[in-house]
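Trainee: If you scroll down you'll find the structure; I have some questions about it.
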Amino acid sequence: MAWIRTVSDAEATGRLAESFRAARERAGHVHGIVRAMSLAPAVLDASMALYQRIMFAPKGLSRHQREMLAVVVSQSNHCHY
């Protein structure tokens with residue numbers, strides 16, 4: 001099992017605290033994938049922006065199809081996300 005140092009909710013300030021708040025609004029808590037990027041808030045923000053642009057793009061696949069693809073890929077990779 002890999003171990004990555006992360007920032008706790010109590011330690012998060014500024015930009016990172018805002019990213020954690022947004023994560024809790026989206027999912028009810030801060031998922032590990034978000035927390036794994038907590039030492040680099042700019043990377044976290046860029047990653048989330050890319051995800052949002054891909055999943056909510058106005059053209060191409062529907063949101064439903066994109067989510068189905070994400071589930072299939074996650075299942076194939078044995079990833080619970």
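By order of appearance in the structure tokens: chains A, B, ..., then residues from 1 within every chain, and ligands from 1 in the order shown.
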Going by DSSP on the backbone, which residues of chain A come out as helix (DSSP H, G or I)? List them as a PyMOL selection string.
Mentor: chain A and resi 14-27+32-35+41-55+63-76
Trainee: Show which residues sit within 12 Å of stretch 49-60 of chain A, as an mmCIF file with N, CA and C atoms, in the first residue's frame. Count only C-alpha atoms, and ignore same-chain residues fewer than 5 positions away.
Mentor:
data_model
loop_
_atom_site.group_PDB
_atom_site.id
_atom_site.type_symbol
_atom_site.label_atom_id
_atom_site.label_comp_id
_atom_site.auth_asym_id
_atom_site.auth_seq_id
_atom_site.Cartn_x
_atom_site.Cartn_y
_atom_site.Cartn_z
ATOM 1 N N SER A 19 -10.928 24.274 -1.791
ATOM 2 C CA SER A 19 -11.037 23.052 -2.606
ATOM 3 C C SER A 19 -11.672 21.919 -1.792
ATOM 4 N N ARG A 26 -19.684 18.527 -3.263
ATOM 5 C CA ARG A 26 -19.928 17.608 -4.376
ATOM 6 C C ARG A 26 -20.222 16.190 -3.892
ATOM 7 N N VAL A 34 -8.645 13.398 -4.041
ATOM 8 C CA VAL A 34 -8.518 14.848 -3.842
ATOM 9 C C VAL A 34 -7.468 15.116 -2.774
ATOM 10 N N ALA A 42 -2.432 23.942 -6.435
ATOM 11 C CA ALA A 42 -2.560 24.371 -7.836
ATOM 12 C C ALA A 42 -2.772 23.166 -8.750
ATOM 13 N N VAL A 43 -2.114 22.064 -8.437
ATOM 14 C CA VAL A 43 -2.303 20.830 -9.206
ATOM 15 C C VAL A 43 -3.714 20.296 -8.972
ATOM 16 N N LEU A 44 -4.165 20.324 -7.732
ATOM 17 C CA LEU A 44 -5.526 19.890 -7.411
ATOM 18 C C LEU A 44 -6.546 20.715 -8.186
ATOM 19 N N GLN A 65 -23.157 8.899 -20.689
ATOM 20 C CA GLN A 65 -22.162 8.038 -21.340
ATOM 21 C C GLN A 65 -20.770 8.226 -20.723
ATOM 22 N N ARG A 66 -20.420 9.457 -20.412
ATOM 23 C CA ARG A 66 -19.119 9.724 -19.789
ATOM 24 C C ARG A 66 -19.030 9.045 -18.420
ATOM 25 N N GLU A 67 -20.100 9.125 -17.650
ATOM 26 C CA GLU A 67 -20.112 8.488 -16.328
ATOM 27 C C GLU A 67 -20.026 6.968 -16.459
ATOM 28 N N MET A 68 -20.727 6.414 -17.459
ATOM 29 C CA MET A 68 -20.647 4.966 -17.675
ATOM 30 C C MET A 68 -19.228 4.548 -18.024
ATOM 31 N N LEU A 69 -18.567 5.313 -18.868
ATOM 32 C CA LEU A 69 -17.175 5.008 -19.214
ATOM 33 C C LEU A 69 -16.278 5.083 -17.986
ATOM 34 N N ALA A 70 -16.499 6.077 -17.140
ATOM 35 C CA ALA A 70 -15.697 6.211 -15.922
ATOM 36 C C ALA A 70 -15.895 5.003 -15.012
#
Trainee: I'd like to know which of A:Arg21, A:His31, A:Arg15, A:Arg63 is closest to A:Asp45, using only C-alpha atoms.
Mentor: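 The closest residue to A:Asp45 is A:Arg15.
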Trainee: Between A:Ile33, A:Met48, A:Ile4, A:Ser38, which is the closest to A:Leu16 once you count only C-alpha atoms?
Mentor: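 Going through A:Ile33, A:Met48, A:Ile4, A:Ser38 one by one, the smallest distance to A:Leu16 is for A:Ser38.
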